[in-house]
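Heads up: the structure comes next, in structure tokens.
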Amino acid sequence: MATDPRTTLTFAKRQGPDKTHWLEIEAPTGAEPAALYADLRAAGWVERHPAAPAHMAYDDRTFKPLGYQVVERQFTKKGSQMFTMWTDAEARIFMPQARAILKRHGFERVPVWNKTLQDML
């Protein structure tokens, strides 16, 4: 089954020297990419926390409601440093691995968002 075109993905990371990324996936309620989730889990990626309750989707530019609900899930792969952060070597392995999985599911380009503390509050 093809992934719903309304599904959005973003890699996120904290600003600074931390190399750890996580993947934020927003998918329409009832059309979540189960096969993508299964492939990420098979590669060792885990959900950071339970999915947030469904919420209204909004246009990124106009902030107008799009008329459907989305569920957000976040996946990460645990590294070997303190607090499961990634080493440089792990980052060089984990990111290409994740991008290959995403490419198989039709996501050629997934942006990286360097989040500040304010973004995460």
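Within each chain, counting starts at residue 1; across the structure tokens, chains are named A, B, ... in the order shown, with ligands numbered 1 upward in that order.
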
Which polymer residues have any atom within 12 Å of an atom of range 93-103 of chain A, counting only C-alpha atoms, with same-chain residues fewer than 6 positions away left out, as a CSV table (one decimal) with C-alpha atoms, in the first residue's frame?
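Result file follows (result-v5.csv):
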```
chain,number,residue,atom,x,y,z
A,3,THR,CA,2.0,6.0,1.7
A,8,THR,CA,5.1,14.5,6.2
A,9,LEU,CA,8.5,13.6,7.6
A,10,THR,CA,11.3,15.6,9.2
A,11,PHE,CA,14.5,14.7,10.8
A,12,ALA,CA,15.1,16.7,13.9
A,13,LYS,CA,18.1,17.2,16.1
A,19,LYS,CA,24.7,14.1,16.6
A,20,THR,CA,21.5,12.3,17.6
A,21,HIS,CA,18.6,12.7,15.2
A,22,TRP,CA,15.0,11.6,15.5
A,23,LEU,CA,12.4,11.3,12.8
A,25,ILE,CA,6.3,11.6,11.1
A,33,PRO,CA,2.3,4.2,7.1
A,35,ALA,CA,4.9,-0.6,6.6
A,36,LEU,CA,7.3,2.3,7.1
A,37,TYR,CA,6.9,2.0,10.9
A,38,ALA,CA,7.6,-1.8,10.7
A,39,ASP,CA,10.8,-1.2,8.6
A,40,LEU,CA,12.1,1.4,11.0
A,41,ARG,CA,11.5,-0.9,13.9
A,42,ALA,CA,13.2,-3.8,12.1
A,43,ALA,CA,16.2,-1.6,11.7
A,44,GLY,CA,16.3,-0.8,15.4
A,45,TRP,CA,14.5,2.5,15.5
A,75,PHE,CA,11.3,7.5,16.1
A,76,THR,CA,15.0,7.4,17.1
A,77,LYS,CA,17.7,4.9,17.2
A,78,LYS,CA,19.6,4.5,20.5
A,79,GLY,CA,23.3,5.3,20.5
A,85,MET,CA,23.2,9.8,22.2
A,86,TRP,CA,25.0,9.0,19.0
A,87,THR,CA,28.7,9.0,18.4
A,109,ARG,CA,14.3,14.1,0.4
A,110,VAL,CA,13.6,14.5,4.1
A,111,PRO,CA,14.7,17.9,5.6
A,112,VAL,CA,16.7,18.2,8.9
```

Write out as a PyMOL selection string which residues come within 10 Å of Ala54 in chain A when counting only C-alpha atoms, dropping same-chain ones fewer than 6 positions away.
-> chain A and resi 26-29+68-72

Dump as a PDB file, in the first residue's frame, selection limited to N, CA and C atoms:
```
ATOM      1  N   GLU A  26       4.235  12.864  10.602  1.00  0.00           N
ATOM      2  CA  GLU A  26       2.839  13.255  10.755  1.00  0.00           C
ATOM      3  C   GLU A  26       2.059  12.601   9.635  1.00  0.00           C
ATOM      4  N   ALA A  27       1.068  11.796  10.014  1.00  0.00           N
ATOM      5  CA  ALA A  27       0.274  11.068   9.024  1.00  0.00           C
ATOM      6  C   ALA A  27      -1.203  11.252   9.326  1.00  0.00           C
ATOM      7  N   PRO A  28      -2.029  11.307   8.292  1.00  0.00           N
ATOM      8  CA  PRO A  28      -3.467  11.431   8.516  1.00  0.00           C
ATOM      9  C   PRO A  28      -4.004  10.268   9.345  1.00  0.00           C
ATOM     10  N   THR A  29      -4.912  10.571  10.251  1.00  0.00           N
ATOM     11  CA  THR A  29      -5.531   9.543  11.069  1.00  0.00           C
ATOM     12  C   THR A  29      -6.172   8.500  10.165  1.00  0.00           C
ATOM     13  N   TYR A  68      -8.454  17.785   8.045  1.00  0.00           N
ATOM     14  CA  TYR A  68      -8.264  16.399   8.471  1.00  0.00           C
ATOM     15  C   TYR A  68      -7.350  16.365   9.690  1.00  0.00           C
ATOM     16  N   GLN A  69      -7.428  15.264  10.425  1.00  0.00           N
ATOM     17  CA  GLN A  69      -6.637  15.073  11.638  1.00  0.00           C
ATOM     18  C   GLN A  69      -5.351  14.313  11.301  1.00  0.00           C
ATOM     19  N   VAL A  70      -4.280  14.593  12.039  1.00  0.00           N
ATOM     20  CA  VAL A  70      -3.023  13.873  11.868  1.00  0.00           C
ATOM     21  C   VAL A  70      -2.551  13.311  13.209  1.00  0.00           C
ATOM     22  N   VAL A  71      -1.766  12.249  13.130  1.00  0.00           N
ATOM     23  CA  VAL A  71      -1.120  11.648  14.287  1.00  0.00           C
ATOM     24  C   VAL A  71       0.375  11.850  14.100  1.00  0.00           C
ATOM     25  N   GLU A  72       1.053  12.294  15.158  1.00  0.00           N
ATOM     26  CA  GLU A  72       2.503  12.477  15.083  1.00  0.00           C
ATOM     27  C   GLU A  72       3.197  11.393  15.894  1.00  0.00           C
TER      28      GLU A  72
END
```

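Checking A:His105, A:Pro17, A:Ala52, A:Asp4 one by one against Ala91 in chain A, counting only C-alpha atoms, you find the shortest gap at A:Pro17.
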
Just the helix (DSSP H, G or I) stuff from chain A, please, per backbone DSSP, written as number ranges by chain.
-> A: 34-42, 82-84, 88-104, 117-120

Those residues you just picked out, can you put them in a file as a PDB file, in the first residue's frame with C-alpha atoms?
```
ATOM      1  CA  ALA A  34       2.369   0.920   9.013  1.00  0.00           C
ATOM      2  CA  ALA A  35       4.894  -0.624   6.606  1.00  0.00           C
ATOM      3  CA  LEU A  36       7.285   2.297   7.140  1.00  0.00           C
ATOM      4  CA  TYR A  37       6.923   1.974  10.913  1.00  0.00           C
ATOM      5  CA  ALA A  38       7.611  -1.772  10.657  1.00  0.00           C
ATOM      6  CA  ASP A  39      10.757  -1.215   8.561  1.00  0.00           C
ATOM      7  CA  LEU A  40      12.065   1.411  10.990  1.00  0.00           C
ATOM      8  CA  ARG A  41      11.450  -0.909  13.949  1.00  0.00           C
ATOM      9  CA  ALA A  42      13.151  -3.808  12.124  1.00  0.00           C
ATOM     10  CA  MET A  82      25.381   8.826  27.683  1.00  0.00           C
ATOM     11  CA  PHE A  83      21.588   9.299  27.440  1.00  0.00           C
ATOM     12  CA  THR A  84      21.656   7.048  24.313  1.00  0.00           C
ATOM     13  CA  ASP A  88      30.049  10.482  15.152  1.00  0.00           C
ATOM     14  CA  ALA A  89      30.561   6.952  13.814  1.00  0.00           C
ATOM     15  CA  GLU A  90      26.995   5.956  14.695  1.00  0.00           C
ATOM     16  CA  ALA A  91      25.621   9.057  12.974  1.00  0.00           C
ATOM     17  CA  ARG A  92      27.519   8.102   9.796  1.00  0.00           C
ATOM     18  CA  ILE A  93      25.829   4.667   9.923  1.00  0.00           C
ATOM     19  CA  PHE A  94      22.336   5.460  11.248  1.00  0.00           C
ATOM     20  CA  MET A  95      21.408   8.386   8.979  1.00  0.00           C
ATOM     21  CA  PRO A  96      22.140   6.658   5.640  1.00  0.00           C
ATOM     22  CA  GLN A  97      20.350   3.564   6.937  1.00  0.00           C
ATOM     23  CA  ALA A  98      17.259   5.628   7.800  1.00  0.00           C
ATOM     24  CA  ARG A  99      17.372   7.510   4.508  1.00  0.00           C
ATOM     25  CA  ALA A 100      17.505   4.211   2.587  1.00  0.00           C
ATOM     26  CA  ILE A 101      14.384   2.993   4.414  1.00  0.00           C
ATOM     27  CA  LEU A 102      12.580   6.257   3.725  1.00  0.00           C
ATOM     28  CA  LYS A 103      13.586   6.166   0.055  1.00  0.00           C
ATOM     29  CA  ARG A 104      12.051   2.676  -0.284  1.00  0.00           C
ATOM     30  CA  LEU A 117      15.476  24.809  23.161  1.00  0.00           C
ATOM     31  CA  GLN A 118      12.582  27.156  22.342  1.00  0.00           C
ATOM     32  CA  ASP A 119      11.486  24.861  19.463  1.00  0.00           C
ATOM     33  CA  MET A 120      11.317  21.923  21.853  1.00  0.00           C
TER      34      MET A 120
END
```

May I ask for the distance between CA of Ala31 in chain A and CA of Lys64 in chain A, given in Å to one decimal place?
->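 Computing the Euclidean distance for CA of Ala31 in chain A and CA of Lys64 in chain A yields 21.2 Å.
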
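Atom pair CA of Leu66 in chain A / CA of Arg48 in chain A has a distance of 26.7 Å (rounded to one decimal).
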
Calculate how many Å separate CA of His55 in chain A from CA of Glu108 in chain A, rounding to one decimal.
-> 26.0 Å

Residue list (strand (DSSP E or B), DSSP) for chain A, as JSON, numbers by chain = {"A": [8, 9, 10, 11, 12, 13, 14, 21, 22, 23, 24, 25, 26, 27, 28, 45, 46, 47, 55, 56, 57, 58, 65, 66, 67, 68, 69, 70, 71, 72, 73, 74, 75, 76, 77, 112, 113, 114, 115]}

So which one's closest to Gln74 in chain A, A:Tyr58, A:Phe107, A:Pro53, A:Glu47? Using only C-alpha atoms, please.
-> A:Glu47
